[in-house]
Every structure is written in C-alpha cells, then in structure tokens.
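Colleague: So I've got this file, structure_39.cif, and it contains mmCIF, C-alpha atoms:
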```cif
data_input
#
loop_
_atom_site.label_atom_id
_atom_site.label_comp_id
_atom_site.auth_asym_id
_atom_site.auth_seq_id
_atom_site.Cartn_x
_atom_site.Cartn_y
_atom_site.Cartn_z
CA MET A 954 9.41 41.42 1.64
CA ASN A 955 6.57 40.88 -0.82
CA ALA A 956 4.22 37.90 -0.82
CA LEU A 957 6.25 35.85 -3.32
CA THR A 958 9.40 36.30 -1.29
CA TRP A 959 7.64 35.20 1.90
CA THR A 960 6.18 32.22 0.07
CA SER A 961 9.55 31.15 -1.32
CA TRP A 962 11.14 31.20 2.12
CA LEU A 963 8.19 29.35 3.68
CA SER A 964 8.40 26.63 1.04
CA LEU A 965 12.15 26.30 1.59
CA ALA A 966 11.61 26.02 5.35
CA ALA A 967 8.98 23.35 4.74
CA TRP A 968 11.37 21.32 2.61
CA LEU A 969 14.21 21.62 5.09
CA TRP A 970 11.90 20.30 7.80
CA LEU A 971 10.61 17.47 5.61
CA LEU A 972 14.10 16.30 4.68
CA LEU A 973 15.70 16.68 8.09
CA ALA A 974 12.92 15.88 10.55
CA HIS A 975 10.25 13.80 8.86
CA GLY A 976 11.49 10.25 9.29
CA GLY A 977 13.51 9.99 6.09
CA PHE A 978 10.28 9.47 4.17
CA TRP A 979 12.11 9.78 0.85
CA ARG A 980 14.31 6.73 1.45
CA THR A 981 13.61 3.56 -0.57
CA ASP A 982 16.01 1.19 1.17
CA VAL A 983 13.53 -0.16 3.73
CA ARG A 984 13.41 -3.71 2.38
CA LEU A 985 12.73 -7.20 3.67
CA PRO A 986 15.86 -9.34 4.09
CA ASP A 987 16.61 -11.91 1.39
CA ALA A 988 14.24 -14.87 1.44
CA ASP A 989 16.76 -17.54 2.42
CA PRO A 990 20.34 -16.42 2.95
CA ALA A 991 22.99 -19.15 3.02
CA GLY A 992 22.56 -21.36 6.03
CA GLU A 993 19.29 -19.88 7.29
CA GLY A 994 17.08 -22.79 6.30
CA ALA A 995 19.63 -25.29 7.56
CA ARG A 996 19.89 -23.45 10.89
CA ALA A 997 16.16 -23.53 11.41
CA ASP A 998 15.97 -27.25 10.62
CA ALA A 999 18.97 -28.04 12.82
CA ASP A 1000 17.35 -26.26 15.75
CA GLY A 1001 14.30 -28.44 15.27
CA GLU A 1002 11.98 -25.44 15.23
CA PRO A 1003 8.98 -26.24 13.02
CA TRP A 1004 7.81 -23.61 10.63
CA PRO A 1005 4.38 -22.34 11.72
CA PRO A 1006 1.24 -23.03 9.69
CA VAL A 1007 0.04 -20.22 7.44
CA ALA A 1008 -3.30 -19.49 5.79
CA ILE A 1009 -3.08 -17.31 2.68
CA VAL A 1010 -6.35 -15.39 2.30
CA VAL A 1011 -7.08 -13.79 -1.08
CA PRO A 1012 -10.21 -11.62 -1.44
CA ALA A 1013 -11.13 -11.55 -5.14
CA ARG A 1014 -13.89 -9.70 -6.98
CA ASP A 1015 -13.95 -9.92 -10.78
CA GLU A 1016 -10.28 -10.85 -11.01
CA ALA A 1017 -10.32 -13.41 -13.83
CA ALA A 1018 -8.05 -11.21 -15.94
CA VAL A 1019 -5.19 -11.22 -13.42
CA LEU A 1020 -5.53 -14.57 -11.61
CA PRO A 1021 -3.55 -16.57 -14.20
CA LEU A 1022 -0.60 -14.25 -13.48
CA THR A 1023 -0.90 -14.26 -9.69
CA LEU A 1024 -2.63 -17.30 -8.20
CA PRO A 1025 -0.02 -19.83 -9.43
CA SER A 1026 2.66 -17.77 -7.67
CA LEU A 1027 0.86 -18.42 -4.37
CA LEU A 1028 0.09 -22.06 -5.05
CA THR A 1029 3.77 -22.81 -5.73
CA GLN A 1030 5.28 -21.10 -2.68
CA ARG A 1031 8.42 -22.84 -1.39
CA TYR A 1032 7.52 -22.76 2.26
CA PRO A 1033 8.96 -25.37 4.66
CA GLY A 1034 5.86 -25.48 6.85
CA PRO A 1035 2.15 -26.20 6.30
CA ALA A 1036 0.33 -23.63 4.19
CA GLU A 1037 -2.94 -23.33 2.32
CA VAL A 1038 -4.67 -20.81 0.08
CA VAL A 1039 -8.23 -19.60 0.66
CA LEU A 1040 -9.60 -17.55 -2.23
CA VAL A 1041 -12.78 -15.68 -1.36
CA ASP A 1042 -14.90 -15.08 -4.46
CA ASP A 1043 -16.60 -11.83 -3.49
CA GLY A 1044 -19.66 -11.83 -5.75
CA SER A 1045 -17.71 -11.95 -9.01
CA SER A 1046 -19.48 -11.83 -12.36
CA ASP A 1047 -16.56 -13.16 -14.42
CA GLN A 1048 -16.14 -16.76 -13.17
CA THR A 1049 -13.29 -15.85 -10.84
CA GLY A 1050 -13.98 -18.82 -8.57
CA ASP A 1051 -14.17 -21.39 -11.37
CA LEU A 1052 -10.97 -20.09 -12.90
CA ALA A 1053 -9.19 -20.36 -9.55
CA ARG A 1054 -10.16 -24.02 -9.26
CA THR A 1055 -9.01 -24.69 -12.82
CA LEU A 1056 -5.66 -23.02 -12.20
CA ALA A 1057 -5.09 -25.02 -9.01
CA ALA A 1058 -5.82 -28.29 -10.82
CA SER A 1059 -3.23 -27.42 -13.48
CA VAL A 1060 -0.36 -26.62 -11.09
CA PRO A 1061 1.71 -29.67 -10.05
CA GLY A 1062 2.35 -29.87 -6.33
CA ALA A 1063 0.14 -26.87 -5.61
CA LEU A 1064 -0.71 -25.83 -2.07
CA PRO A 1065 -4.25 -26.79 -1.04
CA LEU A 1066 -6.80 -24.32 -2.40
CA THR A 1067 -10.26 -23.58 -1.06
CA VAL A 1068 -12.62 -21.33 -3.00
CA CYS A 1069 -15.51 -19.90 -1.00
CA SER A 1070 -18.02 -17.06 -1.18
CA PRO A 1071 -19.25 -14.89 1.71
CA GLY A 1072 -22.36 -13.44 0.14
CA PRO A 1073 -23.09 -9.69 0.08
CA PRO A 1074 -21.50 -7.63 2.87
CA PRO A 1075 -23.87 -6.59 5.65
CA GLN A 1076 -24.43 -2.99 6.63
CA GLY A 1077 -21.30 -1.40 8.02
CA TRP A 1078 -18.81 -3.70 6.28
CA THR A 1079 -16.73 -2.95 3.19
CA GLY A 1080 -16.76 -5.75 0.66
CA LYS A 1081 -13.06 -6.54 0.95
CA LEU A 1082 -13.04 -6.78 4.74
CA TRP A 1083 -16.18 -8.92 4.72
CA ALA A 1084 -14.42 -11.25 2.28
CA VAL A 1085 -11.30 -11.33 4.48
CA ARG A 1086 -13.39 -12.14 7.53
CA HIS A 1087 -15.01 -15.04 5.72
CA GLY A 1088 -11.71 -16.37 4.39
CA VAL A 1089 -10.09 -16.27 7.83
CA ALA A 1090 -13.09 -18.07 9.34
CA VAL A 1091 -12.90 -20.79 6.68
CA ALA A 1092 -9.16 -21.27 7.26
CA ARG A 1093 -9.59 -21.46 11.02
CA SER A 1094 -12.42 -23.97 10.75
CA ARG A 1095 -9.88 -26.55 9.56
CA GLY A 1096 -7.05 -25.82 11.99
CA ALA A 1097 -5.14 -23.15 13.82
CA ALA A 1098 -2.97 -21.05 11.50
CA THR A 1099 -0.25 -19.15 13.34
CA TYR A 1100 0.02 -16.54 10.59
CA LEU A 1101 -2.43 -15.10 8.09
CA LEU A 1102 -1.08 -13.77 4.81
CA LEU A 1103 -3.62 -11.29 3.46
CA THR A 1104 -2.78 -10.55 -0.16
CA ASP A 1105 -4.73 -9.03 -3.03
CA ALA A 1106 -5.67 -11.02 -6.11
CA ASP A 1107 -3.58 -8.81 -8.40
CA ILE A 1108 -0.34 -9.41 -6.46
CA ALA A 1109 2.27 -11.85 -7.81
CA HIS A 1110 4.80 -13.29 -5.35
CA PRO A 1111 8.28 -14.73 -5.91
CA PRO A 1112 8.63 -18.41 -4.87
CA ASP A 1113 10.17 -17.64 -1.45
CA SER A 1114 7.91 -14.74 -0.54
CA LEU A 1115 5.99 -16.54 2.21
CA HIS A 1116 9.19 -17.99 3.63
CA ALA A 1117 10.79 -14.53 3.82
CA LEU A 1118 7.73 -12.91 5.41
CA VAL A 1119 7.35 -15.57 8.10
CA ARG A 1120 11.07 -15.58 8.85
CA ALA A 1121 11.06 -11.78 9.25
CA ALA A 1122 8.05 -11.93 11.56
CA ARG A 1123 9.36 -14.85 13.60
CA ASP A 1124 12.95 -13.67 13.98
CA GLY A 1125 12.02 -10.04 14.50
CA GLY A 1126 9.19 -10.67 16.96
CA LEU A 1127 6.83 -8.81 14.63
CA ASP A 1128 3.05 -9.04 14.72
CA LEU A 1129 2.49 -7.50 11.28
CA VAL A 1130 4.91 -7.56 8.35
CA SER A 1131 3.71 -5.66 5.30
CA LEU A 1132 5.23 -4.99 1.90
CA MET A 1133 4.17 -2.23 -0.45
CA ALA A 1134 4.07 -4.17 -3.70
CA ARG A 1135 5.63 -2.74 -6.84
CA LEU A 1136 2.85 -1.24 -8.94
CA ARG A 1137 2.95 -1.49 -12.72
CA VAL A 1138 4.71 1.39 -14.50
CA THR A 1139 4.30 0.51 -18.17
CA THR A 1140 2.03 3.19 -19.64
CA GLY A 1141 2.80 6.90 -19.71
CA TRP A 1142 0.23 7.73 -17.04
CA GLU A 1143 1.50 4.91 -14.82
CA ARG A 1144 5.04 6.29 -15.05
CA LEU A 1145 3.83 9.74 -14.02
CA VAL A 1146 1.32 8.86 -11.30
CA VAL A 1147 2.52 5.63 -9.65
CA PRO A 1148 5.92 6.76 -8.28
CA ALA A 1149 4.21 9.78 -6.76
CA PHE A 1150 1.56 7.53 -5.17
CA VAL A 1151 4.23 5.62 -3.24
CA TYR A 1152 6.17 8.82 -2.50
CA PHE A 1153 3.11 10.61 -1.05
CA PHE A 1154 2.14 7.51 0.97
CA ALA A 1155 5.60 7.41 2.54
CA GLN A 1156 5.35 11.12 3.26
CA LEU A 1157 2.11 10.53 5.15
CA TYR A 1158 3.45 7.42 6.91
CA PRO A 1159 7.27 7.46 7.04
CA PHE A 1160 8.32 3.83 7.17
CA SER A 1161 10.93 4.45 9.87
CA ARG A 1162 8.23 5.82 12.16
CA VAL A 1163 5.80 3.04 11.35
CA ASN A 1164 8.50 0.50 12.22
CA ARG A 1165 9.46 2.20 15.49
CA SER A 1166 8.27 0.13 18.42
CA GLY A 1167 5.93 2.18 20.57
CA GLY A 1168 5.68 4.98 18.03
CA ARG A 1169 2.34 6.57 17.20
CA THR A 1170 2.61 6.30 13.41
CA ALA A 1171 1.01 3.12 12.08
CA ALA A 1172 0.21 1.86 8.60
CA ALA A 1173 0.41 -1.17 6.34
CA ALA A 1174 0.14 -1.95 2.64
CA GLY A 1175 -2.97 -3.95 1.84
CA GLY A 1176 -1.52 -5.92 -1.06
CA CYS A 1177 0.74 -7.97 1.20
CA MET A 1178 0.21 -8.23 4.96
CA LEU A 1179 1.46 -11.12 7.10
CA LEU A 1180 -0.44 -10.97 10.38
CA HIS A 1181 0.06 -13.08 13.50
CA ALA A 1182 -3.28 -14.72 14.28
CA ASP A 1183 -3.03 -13.99 18.01
CA SER A 1184 -2.40 -10.32 17.28
CA ALA A 1185 -5.41 -10.27 14.98
CA ASP A 1186 -7.53 -11.62 17.82
CA ARG A 1187 -6.20 -9.05 20.29
CA ALA A 1188 -6.93 -6.25 17.84
CA GLY A 1189 -10.39 -7.65 17.02
CA LEU A 1190 -9.53 -7.90 13.33
CA PRO A 1191 -11.08 -7.61 10.89
CA GLY A 1192 -14.28 -6.70 12.71
CA SER A 1193 -12.75 -3.71 14.50
CA VAL A 1194 -12.04 -2.02 11.14
CA ARG A 1195 -15.07 -3.39 9.27
CA GLY A 1196 -16.07 -0.11 7.65
CA ALA A 1197 -12.61 1.24 6.82
CA VAL A 1198 -12.15 2.32 3.22
CA ILE A 1199 -8.37 2.53 3.78
CA ASP A 1200 -8.32 -0.91 5.34
CA ASP A 1201 -4.56 -1.47 5.33
CA VAL A 1202 -3.76 1.65 7.38
CA ALA A 1203 -6.64 0.76 9.72
CA VAL A 1204 -5.20 -2.73 10.23
CA GLY A 1205 -1.77 -1.31 11.04
CA ARG A 1206 -3.27 1.08 13.58
CA ALA A 1207 -5.36 -1.64 15.20
CA VAL A 1208 -2.35 -3.94 15.61
CA LYS A 1209 -0.21 -1.16 17.09
CA ARG A 1210 -2.99 -0.05 19.43
CA GLY A 1211 -3.20 -3.64 20.64
CA GLY A 1212 0.47 -3.55 21.62
CA GLY A 1213 1.76 -5.32 18.51
CA ARG A 1214 4.92 -4.56 16.56
CA VAL A 1215 4.51 -3.48 12.95
CA TRP A 1216 7.00 -3.44 10.07
CA LEU A 1217 6.35 -1.84 6.68
CA GLY A 1218 8.73 -1.67 3.73
CA LEU A 1219 9.03 -1.65 -0.03
CA ALA A 1220 8.92 -4.88 -2.00
CA GLU A 1221 11.66 -6.01 -4.31
CA GLU A 1222 9.80 -8.71 -6.28
CA VAL A 1223 6.27 -8.78 -4.84
CA ALA A 1224 4.41 -6.91 -7.57
CA SER A 1225 0.97 -5.89 -8.76
CA VAL A 1226 0.07 -6.95 -12.29
CA ARG A 1227 -3.04 -4.79 -12.48
CA PRO A 1228 -2.93 -2.49 -15.54
CA TYR A 1229 -4.05 1.13 -15.35
CA GLU A 1230 -4.74 2.10 -18.94
CA GLY A 1231 -5.13 5.85 -19.06
CA LEU A 1232 -5.71 8.38 -16.31
CA ALA A 1233 -9.28 7.40 -15.38
CA PRO A 1234 -8.51 4.19 -13.43
CA LEU A 1235 -5.61 5.85 -11.62
CA TRP A 1236 -7.88 8.77 -10.74
CA ALA A 1237 -10.48 6.34 -9.40
CA MET A 1238 -7.85 4.51 -7.32
CA VAL A 1239 -6.79 7.72 -5.58
CA ALA A 1240 -10.22 9.38 -5.33
CA ARG A 1241 -11.73 6.28 -3.73
CA SER A 1242 -9.84 6.87 -0.49
CA ALA A 1243 -8.35 10.38 -0.61
CA TYR A 1244 -11.09 12.13 1.37
CA ALA A 1245 -11.35 9.19 3.77
CA GLN A 1246 -7.65 9.74 4.49
CA LEU A 1247 -8.65 13.22 5.69
CA ARG A 1248 -11.38 11.74 7.91
CA TYR A 1249 -14.00 13.44 5.73
CA SER A 1250 -13.05 16.80 7.25
CA ARG A 1251 -13.45 20.04 5.30
CA SER A 1252 -10.89 21.68 7.58
CA LEU A 1253 -8.27 19.00 6.89
CA LEU A 1254 -9.07 19.25 3.18
CA ALA A 1255 -8.40 23.00 3.25
CA VAL A 1256 -5.12 22.49 5.13
CA THR A 1257 -4.10 19.76 2.69
CA VAL A 1258 -4.79 21.90 -0.36
CA ALA A 1259 -2.85 24.80 1.13
CA GLY A 1260 -0.01 22.49 2.09
CA LEU A 1261 0.24 20.94 -1.38
CA LEU A 1262 0.32 24.38 -2.96
CA LEU A 1263 3.02 25.62 -0.59
CA VAL A 1264 5.21 22.52 -0.74
CA TYR A 1265 4.91 21.52 -4.40
CA VAL A 1266 3.59 24.47 -6.42
CA ALA A 1267 5.28 27.41 -4.68
CA PRO A 1268 8.90 26.29 -5.29
CA PRO A 1269 8.80 26.31 -9.11
CA THR A 1270 6.46 29.32 -9.17
CA THR A 1271 8.69 31.46 -6.99
CA ALA A 1272 11.87 30.13 -8.60
CA LEU A 1273 10.72 31.16 -12.06
CA ALA A 1274 9.83 34.56 -10.59
CA GLY A 1275 13.49 34.97 -9.69
CA HIS A 1276 13.60 34.04 -5.99
CA ALA A 1277 16.69 32.11 -4.86
CA ALA A 1278 14.81 30.44 -1.98
CA GLY A 1279 12.34 29.08 -4.53
CA TRP A 1280 15.18 27.56 -6.56
CA ALA A 1281 16.61 25.97 -3.41
CA ALA A 1282 13.22 24.53 -2.41
CA TRP A 1283 12.64 23.19 -5.94
CA ALA A 1284 16.08 21.53 -5.89
CA LEU A 1285 15.39 19.87 -2.54
CA MET A 1286 11.99 18.67 -3.73
CA THR A 1287 13.48 17.20 -6.89
CA LEU A 1288 16.27 15.43 -5.01
CA SER A 1289 13.78 13.96 -2.53
CA TYR A 1290 11.77 12.44 -5.38
CA LEU A 1291 14.75 10.90 -7.15
CA PRO A 1292 14.94 7.71 -5.00
CA ALA A 1293 11.26 6.93 -5.74
CA VAL A 1294 11.82 7.43 -9.46
CA ARG A 1295 14.86 5.16 -9.41
CA TYR A 1296 13.01 2.52 -7.37
CA HIS A 1297 10.27 2.38 -10.00
CA ARG A 1298 12.84 2.23 -12.83
CA VAL A 1299 11.25 5.00 -14.84
CA PRO A 1300 13.15 7.67 -16.83
CA TRP A 1301 15.03 10.23 -14.73
CA TRP A 1302 13.12 13.18 -16.16
CA VAL A 1303 9.99 12.03 -14.29
CA VAL A 1304 11.44 13.83 -11.25
CA LEU A 1305 10.73 17.11 -13.02
CA THR A 1306 7.01 16.33 -13.23
CA LEU A 1307 6.42 16.22 -9.46
CA PRO A 1308 4.88 19.73 -9.15
CA ALA A 1309 2.39 18.96 -11.93
CA VAL A 1310 1.61 15.51 -10.54
CA ALA A 1311 1.07 17.04 -7.09
CA VAL A 1312 -1.55 19.35 -8.62
CA LEU A 1313 -3.15 16.30 -10.20
CA TYR A 1314 -3.33 14.60 -6.79
CA LEU A 1315 -4.76 17.79 -5.33
CA LEU A 1316 -7.57 17.69 -7.91
CA MET A 1317 -8.18 14.00 -7.20
CA THR A 1318 -8.50 14.77 -3.49
CA VAL A 1319 -10.91 17.63 -4.10
CA ASP A 1320 -12.94 15.41 -6.43
CA SER A 1321 -13.06 12.74 -3.71
CA ALA A 1322 -14.46 15.33 -1.27
CA VAL A 1323 -17.00 16.67 -3.77
CA ARG A 1324 -18.26 13.15 -4.49
CA HIS A 1325 -18.61 12.45 -0.79
CA HIS A 1326 -20.60 15.61 -0.03
CA ARG A 1327 -22.84 14.98 -3.03
CA GLY A 1328 -23.56 11.55 -1.62
CA ALA A 1329 -22.05 9.88 -4.66
CA GLY A 1330 -19.03 8.36 -2.93
CA ALA A 1331 -16.29 6.67 -4.90
CA ALA A 1332 -17.03 3.68 -7.11
CA TRP A 1333 -14.69 0.71 -6.94
CA LYS A 1334 -15.26 -2.84 -8.19
CA GLY A 1335 -18.92 -2.14 -8.73
CA ARG A 1336 -19.50 -0.81 -5.23
CA THR A 1337 -19.76 2.76 -3.99
CA TYR A 1338 -17.97 3.85 -0.82
CA ALA A 1339 -19.48 7.06 0.50
CA GLY A 1340 -17.83 6.92 3.92
CA THR A 1341 -19.15 8.09 7.23
#
```
Show how you would write the structure in this file as structure tokens.
Modeller:
Amino acid sequence: MNALTWTSWLSLAAWLWLLLAHGGFWRTDVRLPDADPAGEGARADADGEPWPPVAIVVPARDEAAVLPLTLPSLLTQRYPGPAEVVLVDDGSSDQTGDLARTLAASVPGALPLTVCSPGPPPQGWTGKLWAVRHGVAVARSRGAATYLLLTDADIAHPPDSLHALVRAARDGGLDLVSLMARLRVTTGWERLVVPAFVYFFAQLYPFSRVNRSGGRTAAAAGGCMLLHADSADRAGLPGSVRGAVIDDVAVGRAVKRGGGRVWLGLAEEVASVRPYEGLAPLWAMVARSAYAQLRYSRSLLAVTVAGLLLVYVAPPTTALAGHAAGWAAWALMTLSYLPAVRYHRVPWWVVLTLPAVAVLYLLMTVDSAVRHHRGAGAAWKGRTYAGT
C-alpha cells in the first residue's frame, strides 16, 4: 500500500476509536436537570431543609459593555436561600465598578451587591484568580457561605440558575457543578469557530469521564462553576492554582485530587453575551491558552499537530484522492460534529467546515507556542500571560 492508503486507514482507525472508546465526547445531552420541576421546591420546604447560603463571585475587568446584560440576571436570581453578589473590579479603566453599583440600585428587590477591588495581582498570580481570591475573602468576612458560584462578567443567567445549580450539587452530593455556557454565534466567524471550540474541548475532556467518580479526567468551565466552600478549602483554592492560565480545568483537577466529585455539562440558557467581531478576538481567545494546554511542551505540540493532521485533514485529502477508507473517516468525522452544530443552532452546512476549522485551530496553537518561546505570551484584557 502507498502512503495515502496507509494514511486513509490510519485516519479511519482513529475515528473508530474516538467514536467507540473516547467517552462519547460528541454527545450534547449532558445537561443540568430543570431548575424546579413540579413539587421539588415544595418537597424541600416540607422537609424543613434550609437552602444553604451562597456567595456569587464575579471577577470583572473592563466589562462595562456587557454588565447591563448580565449583572441584573444575577441580582434577580429566584433562590430560596440567602445569597449575595460580590463583584471584584479588577483594575478596570471603564468605570465597571461604578456601573455595577448603578445597576444594583436600579433593580427592585436585588440581591445584596458588594463591589470591591483587589489591587494588582502579585507575582505568580493570574489577574482573574487574584480577583476570585479577593472576592471569596470579602464574602467570607461577612459570614460562612456553603457554596461559591464563580461566574464570569459576560455570563447571563436565567432566573432559576442558582437554584438549579445548588439543587444539583446538594442532591447529587457534588463538590463542583460546572456549566459550559452557550457562546454567542451571531457573526460568520462565530458560527464557524465557536461550535468547534466546544467540540474540541469535549474531545480533550469527555464530559462522561469528567463526571465519573474516581476517574482521572477532570475539568470545569470557568464561566459558571458552583463550588462547595469546604471542598475549596480542602483543595487549597484558589491559591493552589494561582498561576494557571486555564484556571477552570485547574480548578476541576484540584477538586478531584482532593477527593471531591465533579460534574460538567452543557448549559441550556446560561449564556455568554460577549461579542467576537471578526477572527482576531476569537484567535486571541484560543491562542491565550492553547500552548498552556500542552504544558508548554514542544513534544506535545508536535504530537498535537500530527494528530490534527491525521484526524481532520487526512480524511478529506485521502477521500478526494479516491480512497474508500478516507470517505468513511470523513463521514464519521462529519457525523460526530453534527450534534455540536445542532446544539449551537447554526446552519447544517457548518459541519462541512470542520477540516478547515481544525487547520485554523492548528495555526492558533502554533501561534500560541511561537509567542511563548519569543517571550511575548498571549495578551488578554490588557495583561500578557507568558506561562511557565
């Protein structure tokens, strides 16, 4: 057999393994139960079990553009227990803190809001984790919160989001409940790049394996993480992951290493409102953490590039060269991507773009590595993360 024939069969074997033995990564039905099914709230009240106190911690840096769309959704949560919101203004230059106070004053019956600022992060801390640390400390200074909801400033929540998260954690005996928020898919580039972002993340961290008690795979989605305070203490969070660029995955690993149970799924209504106009901001989002995901290893980078070429580029290349195994691999790849495309409610033909989008992600990953080795790092929110 010639090289193309061998490559077509190798790519088909890779896809058969991915679909049959890789945790059902392509599935999009891993969802949180409904917020308040009939009788659930009444049952809890009848049992006399009080709903635990929750502190919602929101790190925010230059988020004035999105706060009017997101902060009111937190302040108006229909939660039957005590809850408060702590927004950490992380050195913003756009009056993020003042706007948050104004929004809270305009929302009738809003949850208590505290706006604070941690100052610049010290050496060894990323800005976001330093802000989270400060927000948690502020919340704890006024009382003991049983749960901490860590959510990004660009994430909008439905009214029963907190209720659903706490109920899932409490009833399931979970230490960390995390939802991958729906990202915006309005522009052409968003429609092409965003579904693949979620698809590739699930391929790296199959949700079924993350959610398996005692399993080695661990991850979380940083936009929405409900964390039991005792578990955070056992895992030494956030200090134990203070320098992590991919902070959500690091948090998931720390909780699981500490003996905690982790659950990760896709959100139905929890959604990011952040716009990505054009390719540049999407490129920056991926390049910021791509090489960190590979532990800054040239060897892992080489393996990743080879793997992307074999799994995503070889099937259409060998298929168009007339190899049946290539056609079969391309068909399996396309079918595996279809659930992600449907979940994001984008046109069906986006499934056909996966090989090209995979090449785009390959280039983003290489760019991330080049920036790191040049000492430039990846810029995000006015800070540069070079990694270690």
Colleague: Here's the selection I'm unsure about, the PyMOL selection byres ((chain A and resi 1196-1204) around 7); applied to the file above, which residues does it give, as a compact mmCIF listing (two decimals) with C-alpha atoms, keeping the file's coordinate frame?
Modeller:
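As written to disk, result.txt reads:
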```
# COMPACT_ATOMS: atom_id res chain seq x y z
CA GLY A 1077 -21.30 -1.40 8.02
CA TRP A 1078 -18.81 -3.70 6.28
CA THR A 1079 -16.73 -2.95 3.19
CA ALA A 1171 1.01 3.12 12.08
CA ALA A 1172 0.21 1.86 8.60
CA ALA A 1173 0.41 -1.17 6.34
CA ALA A 1174 0.14 -1.95 2.64
CA GLY A 1175 -2.97 -3.95 1.84
CA VAL A 1194 -12.04 -2.02 11.14
CA ARG A 1195 -15.07 -3.39 9.27
CA GLY A 1205 -1.77 -1.31 11.04
CA ARG A 1206 -3.27 1.08 13.58
CA ALA A 1207 -5.36 -1.64 15.20
CA VAL A 1208 -2.35 -3.94 15.61
CA SER A 1242 -9.84 6.87 -0.49
CA ALA A 1245 -11.35 9.19 3.77
```
Colleague: For this file, the PyMOL selection byres ((chain A and resi 1161) around 9) selects which residues, as a PyMOL selection string?
Modeller: chain A and resi 976-978+983+1158-1160+1162-1165+1216-1218
Colleague: Of the candidates A:Gly1279, A:Pro1025, A:Thr1306, A:Thr1170, which one gets nearest to A:Gln1156 if we count all atoms listed in the file?
Modeller: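 Result for the nearest residue to A:Gln1156: A:Thr1170.
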Colleague: Using only C-alpha atoms, which of A:Ala1017, A:Trp959, A:Ala1282, A:Gly1034 sits nearest A:Glu1002?
Modeller: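 Closest to A:Glu1002, using only C-alpha atoms: A:Gly1034.
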Colleague: Using the chain letters and numbers from the file, which residues does the PyMOL selection byres ((chain A and resi 1009-1014) around 6) grab, as a ChimeraX atom specification?
Modeller: /A:1008,1015-1016,1038-1043,1045,1084,1088,1101-1106
Colleague: Go ahead and save the residues from that selection, with C-alpha atoms, as a PDB file, keeping the file's coordinate frame.
Modeller:
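Final output, saved to part_39.pdb:
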```
ATOM      1  CA  ALA A1008      -3.300 -19.490   5.790  1.00  0.00           C
ATOM      2  CA  ASP A1015     -13.950  -9.920 -10.780  1.00  0.00           C
ATOM      3  CA  GLU A1016     -10.280 -10.850 -11.010  1.00  0.00           C
ATOM      4  CA  VAL A1038      -4.670 -20.810   0.080  1.00  0.00           C
ATOM      5  CA  VAL A1039      -8.230 -19.600   0.660  1.00  0.00           C
ATOM      6  CA  LEU A1040      -9.600 -17.550  -2.230  1.00  0.00           C
ATOM      7  CA  VAL A1041     -12.780 -15.680  -1.360  1.00  0.00           C
ATOM      8  CA  ASP A1042     -14.900 -15.080  -4.460  1.00  0.00           C
ATOM      9  CA  ASP A1043     -16.600 -11.830  -3.490  1.00  0.00           C
ATOM     10  CA  SER A1045     -17.710 -11.950  -9.010  1.00  0.00           C
ATOM     11  CA  ALA A1084     -14.420 -11.250   2.280  1.00  0.00           C
ATOM     12  CA  GLY A1088     -11.710 -16.370   4.390  1.00  0.00           C
ATOM     13  CA  LEU A1101      -2.430 -15.100   8.090  1.00  0.00           C
ATOM     14  CA  LEU A1102      -1.080 -13.770   4.810  1.00  0.00           C
ATOM     15  CA  LEU A1103      -3.620 -11.290   3.460  1.00  0.00           C
ATOM     16  CA  THR A1104      -2.780 -10.550  -0.160  1.00  0.00           C
ATOM     17  CA  ASP A1105      -4.730  -9.030  -3.030  1.00  0.00           C
ATOM     18  CA  ALA A1106      -5.670 -11.020  -6.110  1.00  0.00           C
TER      19      ALA A1106
END
```
Colleague: State, in Å with one decimal place, the distance from atom CA of A:Trp1301 to atom CA of A:Val1147.
Modeller: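 For atom CA of A:Trp1301 relative to atom CA of A:Val1147, the distance reads 14.3 Å.
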Colleague: Which of these, A:Ala1188, A:Val1223, A:Met1178, A:Leu971, has the shortest distance to A:Ser1026 once you count only C-alpha atoms?
Modeller: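 Counting only C-alpha atoms, the residue closest to A:Ser1026 is A:Val1223.
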Colleague: Report, in Å to a single decimal, how far apart atom CA of A:Leu965 and atom CA of A:His1276 are.
Modeller: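 Taking atom CA of A:His1276 and atom CA of A:Leu965, their separation equals 10.9 Å.
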Colleague: In Å to one decimal, how far is atom CA of A:Leu1145 from atom CA of A:Ala1259?
Modeller: 22.4 Å
Colleague: Closest to A:Leu1247 among A:Thr1139, A:Thr1067, A:Ser1321, A:Gln1030, using only C-alpha atoms?
Modeller: A:Ser1321
Colleague: Residues within 12 Å of A:Pro1111, please, as an NGL selection string. Count only C-alpha atoms; anything in the same chain fewer than 4 positions from it doesn't count.
Modeller: :A and (987-988 or 1022-1032 or 1115-1118 or 1134 or 1220-1225)
Colleague: Go through A:Pro1268, A:Pro1112, A:Gly1072, A:Gly1141 one by one, measure the shortest atom-to-atom distance of each to A:Gly1231 using only C-alpha atoms, and give the residue with the smallest value.
Modeller: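 Ranked by minimum distance to A:Gly1231, first place goes to A:Gly1141.
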